[in-house]
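Peer 1: My structure is below; once you've seen it, I'll send some questions.
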Amino acid sequence: MSDPGSSPRLVASGPARVKVLLPLPFGEPYDYLAPGDRVPPPGAVVRVPLGPREVTGVVWDEPEGGDAAPVAAAKLKPVLEILDGLPALDDAFRRFLTVTARYYIRPLGDVLSMVTRRLGHARPPRPVTVYRATGETPKRMTPARERVLEAASGAPPMTAKDLAEIAGVGPSVVKGLAEQGALEAFERAADPPLAQPDPAARRPELNPDQKQAADALRRAVGQGFSVTLLEGVTGAGKTEVYCEAVAEALAAGHQVLVLLPEIALTQQIVGRFAERFGAAPVQWHSGLSDRDRRLAYRRIVTGEARIAVGARSALYLPFPDLGLIVVDEEHDTSYKQEDGLHYHARDMAVLRASILERPAVLVSATPSLETVKNVRDGRYAHVRLPQRYGVAELPAITLVDLREARPPPGRWISPPLEQAVRESLEAGEQALLFLNRRGYAPLTLCDACGFRLQCPHCTAWLVEHRYLGRLQCHHCGYETRKPKECPSCGAEDRLKACGPGVERLAEEAAALFPEARLALMTSDLVRGPEQAEKLIEAMNRGEVDLMIGTQIVAKGHNFPGLTTVGVVDADLGLEGGDLRAAERTHQLLHQVAGRAGRAEKPGRVLVQTHQSESPVLQALARHDTDAFVERELDSRRAAGMPPFGRLVALVLSAPEHAQARELAAMLARAVPGAGDSDIRVLGPAPAPIAVVRGRHRFRFLVSSRSGRALQPYVRQWLKDVKLPAAARLVIDVDPHSF
Ligand code: ADP
Ligand code: ZN
């Protein structure tokens, strides 16, 4: 699909020109001269000079519209080197980057920089010298030599350093043994071979609903671009079903990418994939060591990895032959990147699939309203799994109205919830308490003068973390010790924790259920997938009676012994004036509820709230996702809000308030006329969190009911705007919160 005119042109006089895109905030490639008599093709990775520097760039197609005045050939500098060892970025991938940049209103070079910083990973590591025992005895034996031979016998070949370390000797002992023929040295390529998945390794017996769904997905795999929503309650077997599509794509010889939202979740899924396909998939996420990340990268870009499971950034890896993209938990907010390039991995997965002319499958129990609308508009196909697999029933959900069932003062577990937990503990079953609030208490105040401890850099309260022994700002990470005296009135020992965090809830639970074995699962204490996995395994082995956690417990885990789930504060998130608050609350509560009763034992869920009449909670209690979706779609339609209209948020920030306000006013003066479009610009207004990291923030919202022409409009607006270096402008297309 290379388009004509994209190959480097020969300029009539002299050597060929190549257009090289650099990983810098430029919108277009720069012209260079081809080195010697070779003209690097589009996609090739090259080193070029840029002022006094050398930069790695990629030979690009001509920019569309190509209005840059051609630079006289005499002024051009030559490409320094063509990096033949690094795989070229193919047409479809370059096009993916181009469209990403256009959609998110970012310079193309910025988008490229997400890719180029990894290009070097493709270089194979240097081979290492390893040693194994030959069975021969050295002419002279010493105790040190004996220990080395002992360490080497029966073990896989090791480096001299490793061997010496195990034996507790110096590396010269190893060398000496090699010289005498007792050890044999050889070179080992550092990448061990990868076990390959087998599409038919362990095919599960599907029930009729699952079979129908799997057939639909399998058909899609054979047929170019399509998007299918696979929707079904938690425990319906969605994973088993989409694995059939994965198998189909594998059997057709393609690579498959499965995107997953939470790193803590990947380990369990990795295990399931390994079982289903007889070999573990390659993983891609931020928890990988540098070495593992490089290895994973090489395996993906060479095509050795047939299945990759990864966090959102895996989408921007140059897979050579991607045949299917699955986005599991497609509604999950962690697919939205909130710094650097503000992209949404689900939306970009669909885009990448369309460019590749391959299918995408979106999977969820509570699909995003964007996806629901695309289904209704006929753009996406829809496959449903209406029931839980096997005997597992959906849990009974009870709303506990805290206006009636009040917990004692300073406590958060109501009598009905306490009793439910007690019953399940007495029956030898497990319980889970969910509170989506990290730390010990969200607010610390002085009960002598009323002073509240606030972050010095942000418009935010400091959150007490008892395990870490610190007060912390959840916006900028600022930390401090809890002072003994009130910073305002000086009173001693009068700073009091206010409201519950998950740590405080654990304290309350420990007092109520002293015999229960408690585990606390929150991102502050669980760092990385291994730790998460340990906790999950302990839970699965029944070594934990009562799990207490934030949203990281809500996702994807199957706990067969878990029968009672308590949602401690369902009102968190229902308020807040955020457009997606209700949707998120619904999704999160549905997920938590989905943890209960996944095996033979029926589950129950108690949801504590001050608003039992809330339609979100009512729909949840009836397991009526459709009713919730219907209501929510109606109110968004009425307000012209996404998914019916489209938004772009622009946040301007500067270190001084006056400067930020002035620059915002200047931006406001540059707002172009909307012509006959339905585009409106709101603002500038102080951003909801007015100060973050010491920067004062003003926000504009650009909206359009039809959603058309938003990006060109914003580009037009910003075309001639020049901001001083101290100012920053963040553009967020399809913002999640604003
Ligand atoms: P979902 O992704 O919809 O939440 P899962 O795929 O995790 O559901 O399935 C829930 C549980 O039921 C898992 O333990 C899974 O292995 C099991 N399961 C689902 N379908 C089948 C099947 N056809 N055969 C055997 N086990 C199944
Ligand atoms: Zn802060």
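Identifiers in this document derive from the order of the structure tokens: chains are assigned A, B, ..., residues are numbered from 1 separately in each chain, and ligands are numbered from 1 in order of occurrence.
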Step by step, measure atom-to-atom distances between ligand 1 and each residue using only C-alpha atoms and all ligand atoms, keep those at most 6 Å, then write them as a compact mmCIF listing (two decimals) with C-alpha atoms, in the first residue's frame.
Peer 2:
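Below is the file out.txt, written as the result:
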```txt
# COMPACT_ATOMS: atom_id res chain seq x y z
CA PRO A 204 -12.21 -25.62 25.97
CA GLU A 205 -15.64 -27.12 25.43
CA LEU A 206 -17.79 -24.05 24.83
CA ASN A 207 -21.43 -23.82 25.83
CA GLY A 232 -21.06 -10.24 28.73
CA VAL A 233 -21.40 -10.25 32.49
CA THR A 234 -18.30 -10.97 34.54
CA GLY A 235 -17.68 -14.70 34.56
CA ALA A 236 -19.49 -15.35 31.29
CA GLY A 237 -16.34 -16.69 29.65
CA LYS A 238 -15.44 -13.69 27.48
CA THR A 239 -11.76 -14.52 27.79
CA GLU A 240 -12.33 -18.11 26.67
CA TYR A 389 -20.56 -19.78 32.74
```
Peer 1: Please, which residues have at least one atom within 10 Å of an atom of ligand 2, using only C-alpha atoms and all ligand atoms, listed as a list in words?
Peer 2: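 Listing the residues within 10 Å of ligand 2 gives Gln454, Cys455, Pro456, His457, Cys458, Thr459, Ala460, Trp461, Leu462, Gln472, Cys473, His474, His475, Cys476, Gly477, Tyr478, Glu479, Val691, Val692, Arg693 and Gly694 of chain A.
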Peer 1: Quick one, how far is CA of Arg715 in chain A from CA of Pro643 in chain A?
Peer 2: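 Value for the CA of Arg715 in chain A-CA of Pro643 in chain A distance: 22.1 Å.
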Peer 1: For Val372 in chain A, work out the shell of residues within 12 Å, counting only C-alpha atoms and skipping chain neighbours fewer than 3 positions away, then give it as a PyMOL selection string.
Peer 2: chain A and resi 228-231+330-331+362-369+375-383+625-626+628-630+632-633+642-644
Peer 1: Might you pull out every residue within 10 Å of range 491-506 of chain A, with only C-alpha atoms counted and same-chain residues fewer than 5 positions away left off, and present them as a PyMOL selection string?
Peer 2: chain A and resi 410-413+433-453+463-467+482-486+511-512+518-522+546-550+568-569
Peer 1: DSSP on the backbone: which residues in range 284-381 of chain A end up as helix (DSSP H, G or I)? Give the answer as a ChimeraX atom specification.
Peer 2: /A:290-302,312-316,333-335,345-356,369-376
Peer 1: Go ahead and write the selection's residues with C-alpha atoms as a PDB file, in the first residue's frame.
Peer 2:
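Contents of selection-v3.pdb, as written:
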```
ATOM      1  CA  ASP A 290      15.200  -3.178  31.097  1.00  0.00           C
ATOM      2  CA  ARG A 291      16.579  -6.458  29.845  1.00  0.00           C
ATOM      3  CA  ASP A 292      13.156  -8.097  29.579  1.00  0.00           C
ATOM      4  CA  ARG A 293      11.737  -5.070  27.815  1.00  0.00           C
ATOM      5  CA  ARG A 294      14.464  -5.196  25.180  1.00  0.00           C
ATOM      6  CA  LEU A 295      13.972  -8.910  24.730  1.00  0.00           C
ATOM      7  CA  ALA A 296      10.193  -8.490  24.413  1.00  0.00           C
ATOM      8  CA  TYR A 297      10.728  -5.703  21.897  1.00  0.00           C
ATOM      9  CA  ARG A 298      12.999  -7.835  19.729  1.00  0.00           C
ATOM     10  CA  ARG A 299      10.588 -10.724  19.833  1.00  0.00           C
ATOM     11  CA  ILE A 300       7.701  -8.528  18.811  1.00  0.00           C
ATOM     12  CA  VAL A 301       9.397  -6.621  15.995  1.00  0.00           C
ATOM     13  CA  THR A 302      11.010  -9.715  14.506  1.00  0.00           C
ATOM     14  CA  ARG A 312      -1.640   0.560  26.309  1.00  0.00           C
ATOM     15  CA  SER A 313       1.848   1.473  25.082  1.00  0.00           C
ATOM     16  CA  ALA A 314       2.122  -1.916  23.347  1.00  0.00           C
ATOM     17  CA  LEU A 315      -0.115  -0.454  20.677  1.00  0.00           C
ATOM     18  CA  TYR A 316       2.744   1.730  19.452  1.00  0.00           C
ATOM     19  CA  THR A 333      -9.988   4.482  32.064  1.00  0.00           C
ATOM     20  CA  SER A 334      -6.357   3.436  32.217  1.00  0.00           C
ATOM     21  CA  TYR A 335      -6.410   3.129  28.421  1.00  0.00           C
ATOM     22  CA  ALA A 345      -5.451   3.159  23.375  1.00  0.00           C
ATOM     23  CA  ARG A 346      -8.889   1.692  22.628  1.00  0.00           C
ATOM     24  CA  ASP A 347      -9.655   4.329  20.019  1.00  0.00           C
ATOM     25  CA  MET A 348      -6.200   4.057  18.524  1.00  0.00           C
ATOM     26  CA  ALA A 349      -6.455   0.256  18.477  1.00  0.00           C
ATOM     27  CA  VAL A 350      -9.514   0.615  16.274  1.00  0.00           C
ATOM     28  CA  LEU A 351      -7.629   3.064  14.093  1.00  0.00           C
ATOM     29  CA  ARG A 352      -4.629   0.777  13.771  1.00  0.00           C
ATOM     30  CA  ALA A 353      -6.872  -2.154  12.892  1.00  0.00           C
ATOM     31  CA  SER A 354      -8.564  -0.093  10.192  1.00  0.00           C
ATOM     32  CA  ILE A 355      -5.241   0.909   8.657  1.00  0.00           C
ATOM     33  CA  LEU A 356      -4.068  -2.709   8.752  1.00  0.00           C
ATOM     34  CA  LEU A 369     -20.953   4.707  26.091  1.00  0.00           C
ATOM     35  CA  GLU A 370     -18.780   5.596  23.104  1.00  0.00           C
ATOM     36  CA  THR A 371     -18.646   1.943  22.122  1.00  0.00           C
ATOM     37  CA  VAL A 372     -22.350   1.404  22.826  1.00  0.00           C
ATOM     38  CA  LYS A 373     -23.162   4.282  20.515  1.00  0.00           C
ATOM     39  CA  ASN A 374     -20.931   2.881  17.785  1.00  0.00           C
ATOM     40  CA  VAL A 375     -22.801  -0.415  18.085  1.00  0.00           C
ATOM     41  CA  ARG A 376     -26.155   1.331  17.850  1.00  0.00           C
TER      42      ARG A 376
END
```
Peer 1: What residues in range 610-672 of chain A get the DSSP label strand (DSSP E)? Please answer as a list of chain:residue names.
Peer 2: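 Everything in range 610-672 of chain A that counts as strand (DSSP E) is A:Arg646, A:Leu647, A:Val648, A:Ala649, A:Leu650, A:Val651, A:Leu652, A:Ser653, A:Ala654.
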Peer 1: For those residues, write N, CA and C atoms to a file as a PDB file, in the first residue's frame.
Peer 2:
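The result, written out as selection.pdb:
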```pdb
ATOM      1  N   ARG A 646     -18.461  16.195  20.546  1.00  0.00           N
ATOM      2  CA  ARG A 646     -17.053  15.931  20.810  1.00  0.00           C
ATOM      3  C   ARG A 646     -16.444  17.132  21.504  1.00  0.00           C
ATOM      4  N   LEU A 647     -15.378  16.859  22.273  1.00  0.00           N
ATOM      5  CA  LEU A 647     -14.726  17.910  23.045  1.00  0.00           C
ATOM      6  C   LEU A 647     -13.212  17.877  22.838  1.00  0.00           C
ATOM      7  N   VAL A 648     -12.631  19.051  22.927  1.00  0.00           N
ATOM      8  CA  VAL A 648     -11.177  19.154  23.066  1.00  0.00           C
ATOM      9  C   VAL A 648     -10.924  20.103  24.233  1.00  0.00           C
ATOM     10  N   ALA A 649     -10.104  19.683  25.181  1.00  0.00           N
ATOM     11  CA  ALA A 649      -9.754  20.571  26.293  1.00  0.00           C
ATOM     12  C   ALA A 649      -8.353  21.112  26.063  1.00  0.00           C
ATOM     13  N   LEU A 650      -8.172  22.386  26.318  1.00  0.00           N
ATOM     14  CA  LEU A 650      -6.840  22.997  26.253  1.00  0.00           C
ATOM     15  C   LEU A 650      -6.532  23.569  27.622  1.00  0.00           C
ATOM     16  N   VAL A 651      -5.437  23.145  28.207  1.00  0.00           N
ATOM     17  CA  VAL A 651      -5.073  23.673  29.519  1.00  0.00           C
ATOM     18  C   VAL A 651      -3.759  24.429  29.400  1.00  0.00           C
ATOM     19  N   LEU A 652      -3.846  25.698  29.723  1.00  0.00           N
ATOM     20  CA  LEU A 652      -2.674  26.551  29.668  1.00  0.00           C
ATOM     21  C   LEU A 652      -2.171  26.750  31.087  1.00  0.00           C
ATOM     22  N   SER A 653      -0.858  26.607  31.307  1.00  0.00           N
ATOM     23  CA  SER A 653      -0.363  26.798  32.664  1.00  0.00           C
ATOM     24  C   SER A 653       0.932  27.587  32.667  1.00  0.00           C
ATOM     25  N   ALA A 654       1.159  28.284  33.782  1.00  0.00           N
ATOM     26  CA  ALA A 654       2.388  29.062  33.968  1.00  0.00           C
ATOM     27  C   ALA A 654       2.656  29.148  35.463  1.00  0.00           C
TER      28      ALA A 654
END
```
Peer 1: Using only C-alpha atoms, which of the listed residues (A:Ser113, A:Arg708, A:Asp31, A:Pro40) sits closest to Gly340 in chain A?
Peer 2: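 Closest residue, counting only C-alpha atoms: A:Ser113.
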